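Asks: Sharing input_19.cif below, mmCIF, C-alpha atoms and all ligand atoms:
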```
data_data
#
loop_
_atom_site.label_atom_id
_atom_site.label_comp_id
_atom_site.auth_asym_id
_atom_site.auth_seq_id
_atom_site.Cartn_x
_atom_site.Cartn_y
_atom_site.Cartn_z
CA MET A 1 114.92 105.06 77.80
CA LEU A 2 114.67 101.38 78.72
CA ASN A 3 117.72 99.73 80.34
CA LYS A 4 117.19 95.96 80.16
CA PHE A 5 119.22 93.67 82.43
CA GLU A 6 119.68 89.92 82.17
CA ASP A 7 118.33 89.22 85.64
CA ARG A 8 117.22 90.96 88.85
CA ALA A 9 120.64 90.73 90.49
CA ALA A 10 122.26 92.59 87.59
CA LEU A 11 119.38 95.11 87.58
CA MET A 12 119.91 96.03 91.22
CA VAL A 13 123.69 96.33 90.78
CA GLY A 14 123.20 98.48 87.67
CA LEU A 15 120.74 100.86 89.28
CA ALA A 16 122.78 101.18 92.48
CA ALA A 17 125.89 102.05 90.44
CA GLN A 18 123.96 104.69 88.47
CA VAL A 19 122.37 106.26 91.57
CA ALA A 20 125.70 106.27 93.46
CA LYS A 21 127.28 108.03 90.47
CA ASP A 22 124.52 110.67 90.49
CA LEU A 23 124.82 111.14 94.25
CA ARG A 24 128.59 111.62 94.03
CA ALA A 25 128.24 114.15 91.21
CA ALA A 26 125.56 116.10 93.08
CA LEU A 27 127.62 116.06 96.30
CA VAL A 28 130.45 117.81 94.45
CA GLN A 29 128.05 120.57 93.39
CA LYS A 30 125.98 121.05 96.55
CA GLU A 31 126.27 120.92 100.32
CA ARG A 32 123.11 118.79 100.72
CA VAL A 33 121.68 116.35 98.21
CA SER A 34 118.24 114.74 98.21
CA ILE A 35 117.00 111.41 96.93
CA ALA A 36 113.52 109.85 96.96
CA VAL A 37 113.13 106.08 96.89
CA PRO A 38 110.14 103.78 96.52
CA GLY A 39 108.67 101.34 98.98
CA GLY A 40 106.84 98.13 98.15
CA THR A 41 108.26 94.72 97.35
CA THR A 42 110.79 95.48 94.59
CA PRO A 43 113.56 97.81 95.85
CA ALA A 44 115.03 96.03 98.93
CA PRO A 45 117.88 94.32 96.98
CA PHE A 46 118.75 97.69 95.39
CA PHE A 47 118.93 99.24 98.88
CA ASP A 48 121.14 96.36 100.06
CA ILE A 49 123.74 97.38 97.47
CA LEU A 50 123.35 101.16 97.59
CA CYS A 51 123.81 101.26 101.39
CA HIS A 52 127.42 100.06 100.98
CA GLU A 53 128.43 102.86 98.59
CA ASP A 54 131.26 104.93 99.98
CA LEU A 55 130.03 108.51 99.70
CA ALA A 56 129.24 111.49 101.96
CA TRP A 57 125.94 110.06 103.22
CA GLU A 58 125.89 112.56 106.11
CA ARG A 59 125.05 115.20 103.47
CA VAL A 60 122.25 113.15 101.89
CA ASP A 61 118.52 113.59 102.65
CA VAL A 62 116.60 110.39 101.93
CA MET A 63 112.84 110.43 101.56
CA LEU A 64 110.22 108.03 100.31
CA THR A 65 108.22 108.61 97.15
CA ASP A 66 105.15 107.66 99.19
CA GLU A 67 104.08 106.12 102.45
CA ARG A 68 101.16 104.06 103.63
CA PHE A 69 99.66 105.72 106.72
CA VAL A 70 100.72 102.96 109.12
CA PRO A 71 103.22 103.10 112.00
CA PRO A 72 106.83 101.99 111.37
CA THR A 73 106.11 98.80 113.35
CA HIS A 74 103.57 97.74 110.67
CA ALA A 75 104.55 95.14 108.04
CA ARG A 76 103.37 97.50 105.25
CA SER A 77 105.43 100.49 106.42
CA ASN A 78 107.72 101.82 103.69
CA THR A 79 109.60 103.78 106.38
CA ALA A 80 110.44 100.51 108.14
CA LEU A 81 111.72 99.12 104.83
CA ILE A 82 114.19 101.95 104.21
CA ASN A 83 115.28 102.05 107.84
CA ALA A 84 116.10 98.35 107.73
CA ARG A 85 117.59 98.04 104.25
CA LEU A 86 118.91 101.47 103.16
CA ILE A 87 119.74 103.54 106.24
CA THR A 88 122.41 101.10 107.39
CA ASN A 89 126.11 100.31 106.81
CA ALA A 90 127.80 103.25 104.98
CA ALA A 91 124.41 104.96 104.52
CA SER A 92 123.53 104.97 108.24
CA SER A 93 124.56 108.64 108.52
CA ALA A 94 122.00 109.77 105.90
CA ARG A 95 119.13 111.90 107.17
CA VAL A 96 115.66 110.41 106.72
CA VAL A 97 112.94 112.94 105.93
CA PRO A 98 109.86 111.81 107.92
CA PHE A 99 106.81 110.69 105.96
CA TYR A 100 104.83 109.45 108.97
CA GLN A 101 103.79 110.73 112.37
CA ALA A 102 101.40 109.03 114.77
CA ALA A 103 97.91 110.46 114.36
CA GLU A 104 94.41 109.25 113.66
CA ARG A 105 94.40 110.61 110.09
CA PRO A 106 97.20 111.83 107.81
CA GLU A 107 95.44 115.20 107.54
CA ASP A 108 96.15 115.73 111.26
CA VAL A 109 99.93 115.75 110.68
CA PHE A 110 99.97 116.91 107.07
CA THR A 111 101.31 120.42 107.70
CA GLU A 112 104.35 119.26 109.64
CA ILE A 113 105.22 116.38 107.29
CA SER A 114 104.72 118.57 104.25
CA ALA A 115 107.01 121.31 105.65
CA GLY A 116 109.76 118.77 106.38
CA ILE A 117 109.60 117.38 102.85
CA ASP A 118 109.47 120.84 101.29
CA ALA A 119 112.69 121.82 103.07
CA ALA A 120 114.56 118.93 101.37
CA LEU A 121 113.37 119.73 97.83
CA PRO A 122 114.02 119.85 94.92
CA LEU A 123 115.00 116.22 94.45
CA ASP A 124 118.36 115.51 92.86
CA ILE A 125 117.43 111.89 92.29
CA CYS A 126 114.05 110.18 92.26
CA VAL A 127 113.77 106.40 92.01
CA LEU A 128 110.19 105.25 91.49
CA GLY A 129 108.46 101.93 91.48
CA MET A 130 105.40 101.09 89.43
CA GLY A 131 102.45 98.79 90.03
CA ALA A 132 100.82 96.54 87.43
CA ASP A 133 97.95 99.08 87.48
CA MET A 134 100.44 101.75 86.24
CA HIS A 135 100.44 103.62 89.56
CA THR A 136 103.66 105.21 90.71
CA ALA A 137 104.49 106.54 94.19
CA SER A 138 100.90 106.52 95.57
CA LEU A 139 99.40 108.14 92.47
CA PHE A 140 96.79 105.44 91.82
CA PRO A 141 94.37 105.43 88.87
CA ASP A 142 91.56 104.42 91.23
CA SER A 143 92.11 107.30 93.63
CA ALA A 144 89.53 110.10 93.74
CA GLU A 145 92.35 112.48 94.71
CA LEU A 146 94.54 111.72 91.66
CA ALA A 147 93.82 114.90 89.68
CA ASP A 148 94.50 117.05 92.75
CA ALA A 149 97.68 115.15 93.60
CA LEU A 150 98.93 115.68 90.04
CA ALA A 151 98.06 119.38 90.00
CA SER A 152 98.92 120.33 93.59
CA ASP A 153 101.50 122.99 94.44
CA ALA A 154 102.16 121.21 97.74
CA PRO A 155 104.97 118.64 97.98
CA VAL A 156 102.70 115.85 99.22
CA HIS A 157 99.06 114.85 98.97
CA VAL A 158 96.82 112.53 100.97
CA VAL A 159 95.18 109.79 98.89
CA ARG A 160 92.77 106.97 99.66
CA PRO A 161 92.87 104.63 96.63
CA ALA A 162 89.88 102.29 96.44
CA SER A 163 92.23 99.33 95.86
CA GLN A 164 94.35 99.96 98.96
CA PRO A 165 93.70 99.11 102.60
CA GLU A 166 95.05 102.36 104.06
CA ALA A 167 95.31 106.10 103.45
CA ARG A 168 98.61 107.21 101.96
CA LEU A 169 100.85 110.21 101.50
CA THR A 170 102.43 110.64 98.08
CA LEU A 171 104.86 113.07 96.52
CA THR A 172 102.90 115.17 94.05
CA GLY A 173 103.24 115.33 90.27
CA ARG A 174 105.11 118.63 90.54
CA VAL A 175 107.82 117.18 92.82
CA LEU A 176 108.28 113.98 90.80
CA SER A 177 108.56 115.70 87.46
CA ALA A 178 110.97 118.33 88.82
CA ALA A 179 113.54 115.73 89.98
CA VAL A 180 116.86 116.13 88.15
CA HIS A 181 117.44 112.39 87.62
CA LYS A 182 114.39 110.13 87.35
CA TYR A 183 114.51 106.33 87.39
CA VAL A 184 111.75 103.73 87.31
CA LEU A 185 112.66 100.36 88.81
CA ILE A 186 110.54 97.45 87.56
CA ALA A 187 110.92 93.69 87.34
CA GLY A 188 108.90 90.90 85.78
CA PRO A 189 106.71 90.46 82.69
CA GLU A 190 103.60 91.99 84.31
CA LYS A 191 105.41 95.28 84.95
CA LEU A 192 106.90 95.34 81.44
CA GLN A 193 103.41 94.88 80.04
CA ALA A 194 102.16 97.73 82.24
CA LEU A 195 104.99 99.96 81.03
CA GLU A 196 104.13 99.22 77.39
CA GLN A 197 100.48 99.91 78.14
CA ALA A 198 101.38 103.25 79.79
CA GLN A 199 103.39 104.24 76.73
CA LYS A 200 100.32 103.62 74.56
CA VAL A 201 97.62 105.10 76.80
CA ARG A 202 99.15 108.60 77.08
CA ASP A 203 96.54 109.73 79.65
CA VAL A 204 98.17 110.36 83.03
CA MET A 205 94.82 109.83 84.77
CA VAL A 206 94.71 106.26 83.43
CA ALA A 207 98.46 105.65 83.65
CA PRO A 208 99.88 107.85 86.45
CA ILE A 209 103.44 106.61 85.72
CA ARG A 210 103.25 108.94 82.73
CA VAL A 211 103.98 111.79 85.12
CA VAL A 212 107.66 110.84 84.72
CA LEU A 213 107.54 108.89 81.44
CA ALA A 214 106.56 112.13 79.72
CA ASP A 215 110.13 113.29 80.35
CA PRO A 216 112.37 111.66 77.68
CA LYS A 217 115.28 111.74 80.13
CA THR A 218 113.51 109.34 82.53
CA GLN A 219 115.29 106.00 82.56
CA VAL A 220 113.48 102.73 83.18
CA PHE A 221 115.57 99.96 84.76
CA PHE A 222 114.07 96.55 84.05
CA ALA A 223 114.81 92.83 84.36
CA PRO A 224 112.54 89.83 83.65
O1 LIG B 1 102.40 100.52 97.15
C1 LIG B 1 103.42 100.77 96.54
O2 LIG B 1 103.58 100.24 95.32
C2 LIG B 1 104.61 100.64 94.40
C3 LIG B 1 105.00 99.40 93.63
O3 LIG B 1 105.37 98.41 94.57
P1 LIG B 1 105.83 96.93 94.21
O4 LIG B 1 105.55 96.13 95.46
O5 LIG B 1 105.00 96.46 93.04
O6 LIG B 1 107.29 97.00 93.89
C4 LIG B 1 105.78 101.30 95.10
O7 LIG B 1 106.62 101.90 94.16
C5 LIG B 1 105.29 102.29 96.14
O8 LIG B 1 106.36 102.98 96.73
C6 LIG B 1 104.52 101.52 97.17
O9 LIG B 1 104.06 102.34 98.25
#
```
Render the structure in this file as structure tokens.
Ligand SMILES: O=C1O[C@H](COP(=O)(O)O)[C@@H](O)[C@H](O)[C@H]1O

Replies:
Amino acid sequence: MLNKFEDRAALMVGLAAQVAKDLRAALVQKERVSIAVPGGTTPAPFFDILCHEDLAWERVDVMLTDERFVPPTHARSNTALINARLITNAASSARVVPFYQAAERPEDVFTEISAGIDAALPLDICVLGMGADMHTASLFPDSAELADALASDAPVHVVRPASQPEARLTLTGRVLSAAVHKYVLIAGPEKLQALEQAQKVRDVMVAPIRVVLADPKTQVFFAP
């Protein structure tokens, strides 16, 4: 389902209201609730609104959908983004599930990171971004590890997409498709075109965003 907003400000308000509603409903049902959020350039204004929502954040586990294997001091760190823009104000008591540990290679810390993520699953809410190349999380069409990351039983997978400057850790296809509420946050004509392309292509190896689009309950939040 495509939810179209007039502009980006309305989009971010609309998605934050929907996610806060889902979090509140899940917090009534369960002691701990988990949400995955994207990194990249799009979601910061959504975080700026969501972090003010008055809810039991101390019972919420927040994780990324994916992380670039760079330290939190790096400009490309998704962990730094959520720490600065989401885990603040009312949301400062949320627990962040680590997606990065200092090491030479992600494989060196994979077991520990993977166990931490596994303990916070399944996801109640998953908000994903999407690139113009139809990647989502760090499931990239130009990654040699894509098929394994889609098929893996593990919660996360290491990928080294040819188009990207660093190794990454991504939630796997299994984890993304099992999320109770799935949202895709996109803005701009290029992303809308990519979404339309992904709906036509139908091959998840060409359009990895299909891993969640295949579920008719997935909601896309879009503004021009
Ligand atoms: O690299 C990434 O890209 C996608 C899309 O990012 P955007 O900058 O085009 O909004 C993002 O969803 C993902 O989390 C991030 O690591």

Asks: Taking all atoms listed in the file into account, which residues are within 6 Å of ligand LIG 1 (chain B), as a PyMOL selection string?

Replies: chain A and resi 38-42+65-67+128-131+136-138

Asks: Which distance in Å separates atom CA of A:Arg202 and atom CA of A:Leu11, to one decimal?

Replies: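 These two atoms are separated by 26.5 Å.
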
Asks: Go through A:Ile35, A:Ala94, A:Val109, A:Leu146 and flag the residue nearest A:Cys126, using only C-alpha atoms for the distances.

Replies: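 Among A:Ile35, A:Ala94, A:Val109, A:Leu146, it is A:Ile35 that comes nearest to A:Cys126.
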
Asks: If we count all atoms listed in the file, what is near A:Pro161 at a cut-off of 6 Å, once residues fewer than 2 positions away on the same chain are taken out, given as a list in words?

Replies: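 Everything that qualifies: Asp142, Ser143, Ser163 and Gln164 of chain A.
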
Asks: When distances are computed from only C-alpha atoms, which of A:Ile209, A:Leu50, A:Val127, A:Leu195 shows the smallest separation from A:Val13?

Replies: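 For A:Val13, the nearest of the given residues is A:Leu50.
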
Asks: Here is a test: counting all atoms listed in the file, which residue of A:Asp124, A:Asp148, A:Asp203, A:Asp54 is nearest to A:Ser177?

Replies: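 Using all atoms listed in the file, A:Ser177 sits closest to A:Asp124.
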
Asks: Quick one: residues within 12 Å of (107.9, 113.5, 97.4) (file frame), counting all atoms listed in the file, please, as a ChimeraX atom specification.

Replies: /A:34-38,61-67,97-99,113-128,136-139,149-150,152-158,169-179

Asks: With distances taken over only C-alpha atoms, which of A:Ala167, A:Glu53, A:Met134, A:Thr88 is nearest to A:Val204?

Replies: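 Result for the nearest residue to A:Val204: A:Met134.
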
Asks: For atom CA of A:Val19 and atom CA of A:Gln219, quote the distance in Å rounded to one decimal.

Replies: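 If I compute the distance from atom CA of A:Val19 to atom CA of A:Gln219, I get 11.5 Å.
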
Asks: Of the candidates A:Val206, A:Ala44, A:Ala103, A:Val220, which one gets nearest to A:Gln18 if we count only C-alpha atoms?

Replies: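 The shortest atom-to-atom distance to A:Gln18 comes from A:Val220.
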
Asks: Determine the nearest neighbour of A:Pro43 from the options A:Arg85, A:Lys4, A:Lys21, A:Arg59, counting all atoms listed in the file.

Replies: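 That would be A:Arg85, the residue with the smallest distance to A:Pro43.
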
Asks: Go ahead and find all residues with at least one atom no further than 9 Å from (121.9, 99.3, 99.3) in the file's coordinates, using only C-alpha atoms; report them as a list in words.

Replies: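 The residues near that point, listed by chain and number, are Met12, Ala16, Ala44, Pro45, Phe46, Phe47, Asp48, Ile49, Leu50, Cys51, His52, Glu53, Arg85, Leu86, Ile87, Thr88, Asn89 and Ala91 of chain A.
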
Asks: Can you work out the spacing between atom CA of A:Leu185 and atom CA of A:Phe222 in Å, to one decimal?

Replies: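 Interatomic distance here is 6.3 Å.
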
Asks: Using all atoms listed in the file, determine which residues lie at most 12 Å from A:Pro216, disregarding the query and same-chain residues fewer than 4 positions distant; provide the list as an mmCIF file with C-alpha atoms, in the coordinates of the input.

Replies:
```
data_model
loop_
_atom_site.group_PDB
_atom_site.id
_atom_site.type_symbol
_atom_site.label_atom_id
_atom_site.label_comp_id
_atom_site.auth_asym_id
_atom_site.auth_seq_id
_atom_site.Cartn_x
_atom_site.Cartn_y
_atom_site.Cartn_z
ATOM 1 C CA MET A 1 114.920 105.060 77.800
ATOM 2 C CA LEU A 2 114.670 101.380 78.720
ATOM 3 C CA SER A 177 108.560 115.700 87.460
ATOM 4 C CA HIS A 181 117.440 112.390 87.620
ATOM 5 C CA LYS A 182 114.390 110.130 87.350
ATOM 6 C CA TYR A 183 114.510 106.330 87.390
ATOM 7 C CA GLN A 199 103.390 104.240 76.730
ATOM 8 C CA ARG A 210 103.250 108.940 82.730
ATOM 9 C CA VAL A 211 103.980 111.790 85.120
ATOM 10 C CA VAL A 212 107.660 110.840 84.720
ATOM 11 C CA VAL A 220 113.480 102.730 83.180
#
```
